[in-house]
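Q: Can you keep this structure in mind? I'll have questions shortly.
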Amino acid sequence: MNTSASYSLAGDAWRRLLRNRAALSGLVLLVLMMLACVAGPWLTPYSHEEMNLLNSHQSPSGAHWFGTDELGRDLLTRTLIGGRISFAVALAATGVSLVIGVSYGGLSGFVGGRVDALMMRIVDVLYALPFTLLVILLVTLFERSMILLFVAIGAVEWLTMARIVRGQVMGLRNQEFIEACEVLGYSNARILFRHLLPNVLGTVIIYVTLTIPSVMLLEAFLSFLGLGVQPPMSSWGSLIKDGVGAMEDFPWLMIFPGAALFVTLLALNFLGDGLRDALDPRRGGG
Amino acid sequence: MSLLEIQDVNVTFPLREGNLRAVREVNLSLESGESLGIVGESGSGKSVCVSTLLGLVPRPPAVVSGKAWFDGVDLYACPPKVLRSIRGKRISMIFQDPMTSLNPHQRVVDQIAEPLRVHEGMSKKRARIKAVEAMESVGIPDAAERARSWPHEFSGGMRQRVMIAMAMISKPELLIADEPTTALDVTVQRQILRLISDLQKEIGMALILISHDLAVVADVCERVAVMRNGEVVEQGQTSEVLQNPRHPYTQGLLSCNPALHEPGSRLTTLEEPTS
């Protein structure tokens with residue numbers, strides 16, 4: 001027996017992912033984009049808040065690759081800085097929906113009965129809270145900060161995930177292989193985390209790739225209402241929103257941040273698709 | 001004392017239209033190393049009856065009364081922790097459909113090894129070596145190479161062998177096989193039955209084999225219990241029951257066996273239960 005080879009689902013999935021060109025290029029693109037957003041603003045000769053009114057509305061050139069906005073700020077730097085916010089929001093929402101959503105939904109579906117009913121009613125109540133009102137409430141109660149934005153988005157993004165995972169787990173719960181686990185005397189935690197959740201992963205990954213674009217847009221929406229990112233800070237959402245207003249005269253103000261968002265979401269979709277396939281042993285040889 | 005002693009067991013499912021009594025006043029006992037077959041048509045309560053032993057029938061809604069003594073422990077009343085330490089270690093079970101009874105996201109060798117990891121705290125490496133040995137003992141060819149396969153890469157018969165290896169790896173004292181060959185084709189059925197029977201003798205465990213097929217039970221089991229409408233209508237030594245059935249239902253059941261009929265003659269069928 002070849003014991004040196006990987007046995008785990010993760011190791012196996014990783015190898016399958018590396019063989020999938022579309023997914024791999026998505027991954028590479030995503031990593032490059034993140035690196036650019038993290039390191040880029042230090043490398044460009046301008047700061048994201050430095051105004052230069054003499055240079056306002058410059059079209060893209062050697063000095064300003066992406067052009068400048070109405071206050072003469074360098075759009076490349078602002079796009080890269082904005083990417084930090086957008087990625088941070090995406091990561092936070094993904095993290096929350098993965099950790100809270102998956103375990104909450106998994107537990108609810110696994111335990112079933114009254115506990116499930118109670119847990120799901122809590123989700124229903126949270127669903128029913130008007131989101132904007134919740135954020136406005138949070139902002140008035142606490143000081144306005146980025147953390148608050150994360151909390152607000154995190155608080156709603158796990159709900160759908162919890163419902164999806166619960167449904168999946170309930171469906172799997174009555175399958176014979178889960179009964180077999182019970183008969184073999186495995187603990188509930190083991191059954192849930194080792195046997196049920198790995199079988200839900202494919203669906204979870206797909207939902208995560210759908211969540212990320214929606215939270216990036218949500219952040220743009222909140223910034224638009226003045227509840228999210230405040231100028232002179234930028235995010236892709238706020239840049240696109242500003243760009244749309246000036247689109248007819250200065251199209252680059254919308255095109256560049258839009259392209260950054262577009263490329264990121266496309267890469268994410270390729271990666272998500274590839275991950276789903278890679279995590280299913282039934283697709284493609286080991 | 002017997003290894004397993006089922007006393008006055010009733011299983012009832014409360015329904016809106018009234019109670020469904022799936023199992024009524026069943027008494028069964030099993031010595032260690034003995035094999036018992038439970039036969040009956042579908043809906044006769046044979047599966048429900050043994051599923052309660054391992055806590056597979058959710059309570060509520062089901063209402064279970066009676067006692068099920070396993071080596072001095074009442075399986076119906078013992079705390080979950082005690083039940084968990086018995087399940088998979090001292091009592092194991094094989095299911096009907098090998099296509100759905102394996103986790104599609106776990107390698108075959110790790111599924112077989114898992115009971116050892118859970119019950120004996122064995123290291124991953126040692127448990128895997130044991131699992132490959134178990135695969136060999138259930139007749140999976142090239143066990144060492146096939147260990148890393150995923151369940152979907154196995155045929156139905158091979159998956160049932162994996163299931164058997166998994167159920168037997170901790171050398172249980174009692175194995176419950178719930179229609180283990182129903183989902184397999186006829187040639188594979190015989191091999192799997194032989195395998196179960198051989199392994200049973202080899203490690204000296206007791207066996208409860210549930211089947212709707214008298215021939216299957218006659219092949220493997222020393223004793224047989226016939227169930228109908230949730231009741232055990234007749235039980236005894238297999239040879240005796242088959243040659244000398246006392247209950248009219250058993251006689252009817254036997255007369256349905258095509259092997260006993262003239263070729264070309266009309267098959268006897270059972271009438272709908274009236275009670």
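Naming works like this for the structure tokens: A, B, ... for the chains as they're shown, residue 1 at the start of each chain, ligands 1 onward in shown order.
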Up to 7 Å from chain B, what residues of chain A turn up? Count only C-alpha atoms and give them as a list in words.
A: Met1, Gln175, Glu176, Phe177, Ala180, Val183, Leu184, Gly185, Tyr186, His195, Pro198, Asn199, Pro281 and Arg282 of chain A
Q: Show which residues sit within 7 Å of Val226 of chain B, as a list in words. Count only C-alpha atoms, and ignore same-chain residues fewer than 2 positions away.
A: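 Those residues are Ile38, Val39, Gly40, Val224, Arg228, Val232, Val233, Glu234 and Gln235 of chain B.
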Q: Would you mind telling me which residue in A:Ala259, A:Met146, A:Ala155, A:Leu126 lies nearest to Ile85 of chain A when using only C-alpha atoms?
A: A:Met146
Q: Quick one: DSSP helix (DSSP H, G or I) residues in segment 25-252 of chain A, as a VMD selection string?
A: chain A and resid 25 to 43 53 to 55 75 to 111 113 to 128 131 to 141 146 to 173 176 to 183 188 to 224 236 to 245 252
Q: What is the distance between atom CA of Ser56 of chain A and atom CA of Asp74 of chain A, in Å to one decimal?
A: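 So the answer is 9.3 Å.
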Q: I'd like the contact shell of segment 103-116 of chain A - 10 Å cut-off, only C-alpha atoms, skipping same-chain residues fewer than 3 positions apart - returned as an NGL selection string.
A: (:A and (97-100 or 119-123 or 158-174 or 188-189 or 191-193 or 196-197 or 200)) or (:B and (60))
Q: Keeping only C-alpha atoms, write the selected residues as a PDB file, in the first residue's frame.
A:
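Saved to result.pdb:
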```
ATOM      1  CA  SER A  97     -21.195  32.266   6.669  1.00  0.00           C
ATOM      2  CA  LEU A  98     -18.782  29.332   6.641  1.00  0.00           C
ATOM      3  CA  VAL A  99     -18.179  29.164  10.369  1.00  0.00           C
ATOM      4  CA  ILE A 100     -21.535  30.228  11.797  1.00  0.00           C
ATOM      5  CA  MET A 119     -33.162  27.350  15.623  1.00  0.00           C
ATOM      6  CA  MET A 120     -34.883  27.933  12.317  1.00  0.00           C
ATOM      7  CA  ARG A 121     -37.416  30.333  13.838  1.00  0.00           C
ATOM      8  CA  ILE A 122     -34.468  32.383  15.107  1.00  0.00           C
ATOM      9  CA  VAL A 123     -33.155  32.485  11.554  1.00  0.00           C
ATOM     10  CA  TRP A 158     -24.864  33.429   7.383  1.00  0.00           C
ATOM     11  CA  LEU A 159     -28.641  33.076   7.414  1.00  0.00           C
ATOM     12  CA  THR A 160     -29.100  31.734   3.922  1.00  0.00           C
ATOM     13  CA  MET A 161     -26.089  29.476   4.335  1.00  0.00           C
ATOM     14  CA  ALA A 162     -27.610  28.040   7.509  1.00  0.00           C
ATOM     15  CA  ARG A 163     -30.836  27.270   5.682  1.00  0.00           C
ATOM     16  CA  ILE A 164     -29.092  25.659   2.739  1.00  0.00           C
ATOM     17  CA  VAL A 165     -26.854  23.486   4.914  1.00  0.00           C
ATOM     18  CA  ARG A 166     -29.771  22.487   7.126  1.00  0.00           C
ATOM     19  CA  GLY A 167     -31.755  21.319   4.131  1.00  0.00           C
ATOM     20  CA  GLN A 168     -28.835  19.334   2.775  1.00  0.00           C
ATOM     21  CA  VAL A 169     -28.044  17.746   6.112  1.00  0.00           C
ATOM     22  CA  MET A 170     -31.674  16.756   6.643  1.00  0.00           C
ATOM     23  CA  GLY A 171     -31.646  15.052   3.270  1.00  0.00           C
ATOM     24  CA  LEU A 172     -28.438  13.169   4.045  1.00  0.00           C
ATOM     25  CA  ARG A 173     -29.428  12.361   7.599  1.00  0.00           C
ATOM     26  CA  ASN A 174     -31.708   9.517   6.587  1.00  0.00           C
ATOM     27  CA  ASN A 188     -22.721  12.737  17.051  1.00  0.00           C
ATOM     28  CA  ALA A 189     -19.938  15.275  16.592  1.00  0.00           C
ATOM     29  CA  ILE A 191     -20.997  11.957  12.363  1.00  0.00           C
ATOM     30  CA  LEU A 192     -21.741  15.642  11.807  1.00  0.00           C
ATOM     31  CA  PHE A 193     -18.229  16.869  11.075  1.00  0.00           C
ATOM     32  CA  LEU A 196     -22.312  14.847   7.003  1.00  0.00           C
ATOM     33  CA  LEU A 197     -20.519  18.119   6.362  1.00  0.00           C
ATOM     34  CA  VAL A 200     -22.399  19.183   1.872  1.00  0.00           C
TER      35      VAL A 200
ATOM     36  CA  PRO B  60     -40.600   9.448  19.695  1.00  0.00           C
TER      37      PRO B  60
END
```
